[in-house]
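This report refers to the structure that appears directly beneath it.
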Amino acid sequence: MSRFLAILFLGTLLAVPADAQILLADDTVTPHATISWVTTSGEKITLGADVGYTNPNQRTTLDHNVTCFVALGGTRLDKGVGHPKGAIVRVGFYKVDVRRPFFKDIAAGSNITVTLTNVKFNQDVMAMRHTVLQHLKYTDGDIAACGLDRKYANCFNTRSDDDMMGQLVDGDDTRIGALDGSEESDGLADVESDADTVSLRAEIPYALLRHIQDPWQLTVPGTFMEPYHFHVEFEALPYQTGVNALRIMAEESTPPDSAATKANLDSEDRDQ
């Protein structure tokens, strides 16, 4: 009986024992988080650690000016639009000192690369690619210095170009589809299977850390306000729930490969 589904544009399936009704992260397996960037001298700095599930207030110090946490929950849950059967996992980073640059000597044009590996659940899951997003948060002082309203303390970069969670506004507090890799200036965020765990990888151009409402719209490091915190998240669903969700999405939209997607779903159902 096949347990795998060849759907690459929306979801990635993992096989884990399907022995639970409530989807939970397996906290006996510790995730590994990394963050890296390239300096002006061409050196690649990579910071990483095994980071157990905690909360944003219980962070692991990496090096330079960076701390890290891994936690359940995130923006999708906070806005009340998470799937009722889903689980959201996020990897986040904070500055140690908000007055200092986030990334030591980062080169203009460098990407920030974030990875999260060894994320395991207690049953078969499908990691939903379209749910990947980045949340950025700025200090009150920086927001005021840019002449912005306090409502702009948060900013978002999404992978999906149509999933606004009912609340985000493209061009206002959100860059829609900025992490789908379709434009030269985009980042690329993805979730993949690795044995029986989920892995997240996000290549984020440093310029995407600038607030979308920053009035000067500069891109060189040191010339625009950085967030003091950001996280990248994804949502996973129980396997069959994910299959059903992808079918509904394919039927309600008309992406170029939606027909093939539905055919794959039907074929998978016949194999079971």
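The chains in the structure tokens are called A, B, ... from first to last as shown; in each chain the residues are counted from 1, and the ligands are counted from 1 in the order shown.
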
Per-residue DSSP, segment 7-204 of chain A, filtered to strand (DSSP E or B), as a JSON list (two decimals) with C-alpha atoms, in the first residue's frame:
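Writing the result to part.json gives the following:
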[["chain", "number", "residue", "atom", "x", "y", "z"],
["A", 11, "GLY", "CA", 2.93, 19.54, 0.22],
["A", 12, "THR", "CA", 5.58, 17.03, 1.24],
["A", 13, "LEU", "CA", 4.67, 13.75, 2.91],
["A", 14, "LEU", "CA", 6.51, 11.99, 5.69],
["A", 25, "ALA", "CA", 5.52, 16.94, 17.77],
["A", 32, "HIS", "CA", 18.56, 21.09, 14.87],
["A", 33, "ALA", "CA", 18.52, 24.76, 13.81],
["A", 34, "THR", "CA", 21.07, 26.70, 11.79],
["A", 35, "ILE", "CA", 21.41, 30.21, 10.41],
["A", 36, "SER", "CA", 24.12, 31.39, 8.03],
["A", 37, "TRP", "CA", 25.22, 34.37, 5.94],
["A", 38, "VAL", "CA", 28.19, 35.59, 3.90],
["A", 39, "THR", "CA", 30.43, 38.42, 5.15],
["A", 44, "LYS", "CA", 30.38, 32.08, 5.32],
["A", 45, "ILE", "CA", 29.31, 32.21, 8.95],
["A", 46, "THR", "CA", 27.10, 29.34, 10.10],
["A", 47, "LEU", "CA", 25.64, 29.16, 13.59],
["A", 48, "GLY", "CA", 23.70, 26.15, 14.79],
["A", 49, "ALA", "CA", 22.62, 24.01, 17.71],
["A", 50, "ASP", "CA", 20.29, 21.23, 18.75],
["A", 53, "TYR", "CA", 10.95, 22.74, 21.92],
["A", 60, "THR", "CA", 19.59, 29.22, 23.03],
["A", 61, "THR", "CA", 22.56, 31.56, 22.53],
["A", 62, "LEU", "CA", 24.39, 30.77, 19.31],
["A", 63, "ASP", "CA", 27.19, 33.30, 18.71],
["A", 66, "VAL", "CA", 22.05, 35.76, 17.67],
["A", 67, "THR", "CA", 19.85, 33.63, 19.91],
["A", 68, "CYS", "CA", 17.48, 30.91, 18.75],
["A", 69, "PHE", "CA", 14.38, 28.98, 19.78],
["A", 70, "VAL", "CA", 12.17, 26.24, 18.33],
["A", 71, "ALA", "CA", 8.53, 26.15, 19.35],
["A", 72, "LEU", "CA", 5.07, 24.99, 18.42],
["A", 87, "ALA", "CA", 0.49, 21.48, 14.11],
["A", 88, "ILE", "CA", 2.61, 24.58, 13.46],
["A", 89, "VAL", "CA", 6.35, 24.53, 14.05],
["A", 90, "ARG", "CA", 8.57, 27.61, 13.99],
["A", 91, "VAL", "CA", 12.26, 28.35, 14.30],
["A", 92, "GLY", "CA", 12.99, 31.85, 15.53],
["A", 93, "PHE", "CA", 15.92, 34.18, 16.14],
["A", 94, "TYR", "CA", 16.42, 37.23, 18.37],
["A", 95, "LYS", "CA", 19.17, 39.79, 18.65],
["A", 106, "ILE", "CA", 27.07, 40.76, 6.40],
["A", 111, "ASN", "CA", 21.09, 35.68, 1.73],
["A", 112, "ILE", "CA", 20.17, 34.62, 5.23],
["A", 113, "THR", "CA", 19.86, 30.82, 5.19],
["A", 114, "VAL", "CA", 17.71, 29.23, 7.88],
["A", 115, "THR", "CA", 17.36, 25.49, 8.32],
["A", 116, "LEU", "CA", 15.40, 23.36, 10.75],
["A", 117, "THR", "CA", 15.91, 19.60, 10.63],
["A", 118, "ASN", "CA", 14.97, 16.54, 12.67],
["A", 119, "VAL", "CA", 11.37, 17.62, 13.28],
["A", 121, "PHE", "CA", 5.70, 13.90, 14.71],
["A", 125, "VAL", "CA", 2.11, 13.90, 8.33],
["A", 126, "MET", "CA", 2.10, 16.09, 5.29],
["A", 127, "ALA", "CA", 4.09, 19.32, 5.69],
["A", 128, "MET", "CA", 2.11, 21.96, 3.80],
["A", 129, "ARG", "CA", 4.53, 23.90, 1.64],
["A", 130, "HIS", "CA", 2.17, 26.80, 1.00],
["A", 131, "THR", "CA", 1.93, 27.57, 4.74],
["A", 132, "VAL", "CA", 5.60, 28.56, 5.08],
["A", 133, "LEU", "CA", 6.01, 32.19, 6.09],
["A", 134, "GLN", "CA", 8.43, 34.55, 7.80],
["A", 135, "HIS", "CA", 7.32, 36.89, 10.57],
["A", 136, "LEU", "CA", 9.50, 39.92, 11.39],
["A", 137, "LYS", "CA", 9.16, 42.18, 14.43],
["A", 154, "ASN", "CA", 5.11, 43.35, 12.48],
["A", 155, "CYS", "CA", 5.82, 42.45, 8.88],
["A", 156, "PHE", "CA", 5.44, 39.19, 6.92],
["A", 157, "ASN", "CA", 6.96, 37.43, 3.93],
["A", 158, "THR", "CA", 4.92, 34.50, 2.61],
["A", 170, "ASP", "CA", -0.17, 42.73, 0.35],
["A", 174, "THR", "CA", 3.11, 41.67, 3.79],
["A", 175, "ARG", "CA", 5.13, 40.69, 0.75],
["A", 180, "ASP", "CA", 8.38, 31.22, -3.60],
["A", 188, "LEU", "CA", 12.86, 30.47, -1.45],
["A", 189, "ALA", "CA", 11.40, 28.56, 1.48],
["A", 190, "ASP", "CA", 10.51, 24.90, 1.38],
["A", 191, "VAL", "CA", 9.72, 21.87, 3.51],
["A", 192, "GLU", "CA", 10.97, 18.40, 2.65],
["A", 193, "SER", "CA", 10.98, 14.88, 3.99],
["A", 194, "ASP", "CA", 14.13, 13.29, 5.34],
["A", 197, "THR", "CA", 11.33, 13.73, 9.87],
["A", 198, "VAL", "CA", 10.44, 17.11, 8.38],
["A", 199, "SER", "CA", 13.09, 19.60, 7.29],
["A", 200, "LEU", "CA", 12.62, 23.31, 6.61],
["A", 201, "ARG", "CA", 15.03, 25.42, 4.56],
["A", 202, "ALA", "CA", 14.64, 29.11, 3.79],
["A", 203, "GLU", "CA", 16.93, 31.24, 1.63],
["A", 204, "ILE", "CA", 15.97, 34.82, 2.48]]

Note to self: Can you pull out every residue from segment 78-204 of chain A that DSSP, working from the backbone, puts in alpha helix (DSSP H), and format the result as a list in words?
What the structure shows: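 So the alpha helix (DSSP H) residues in segment 78-204 of chain A would be Asp78, Asp140, Gly141, Asp142, Ile143, Ala144 and Ala145 of chain A.
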
Check: A:Ser41, A:Tyr138, A:Asn65, A:Lys85: which is nearest Ala245 of chain A, counting only C-alpha atoms?
Finding: A:Lys85

Item checked: Selected residue, from A:Ile212, A:Ala145, A:Lys151, A:Arg99, that lies nearest to Ala178 of chain A when counting only C-alpha atoms ->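 Between A:Ile212, A:Ala145, A:Lys151, A:Arg99, the residue approaching Ala178 of chain A most closely is A:Ile212.
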
Next item on the list: Within 12 Å of Thr223 of chain A, counting only C-alpha atoms, which residues show up once you throw out same-chain ones fewer than 5 positions away? Write them as a list of chain:residue names, please.
Entry: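 Answer for this query is A:Pro101, A:Ala108, A:Tyr206, A:Ala207, A:Leu209, A:Arg210, A:Asp214, A:Pro215, A:Trp216, A:Gln217, A:Leu218.
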
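With only C-alpha atoms as the atoms that count, the residue of A:Ile143, A:Leu179, A:Leu246, A:Val169 with the shortest distance to Pro205 of chain A is A:Leu179.
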
Next item on the list: Excluding His83 of chain A and residues on its chain fewer than 3 positions from it, collect all residues at most 9 Å away from it, counting only C-alpha atoms, and give them as a ChimeraX atom specification.
Entry: /A:76-77,80,86-87,235-237

Notebook entry, point to check: In Å, how far is it from atom CA of Gly147 of chain A to atom CA of Phe102 of chain A?
Noted result: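 If I compute the distance from atom CA of Gly147 of chain A to atom CA of Phe102 of chain A, I get 22.1 Å.
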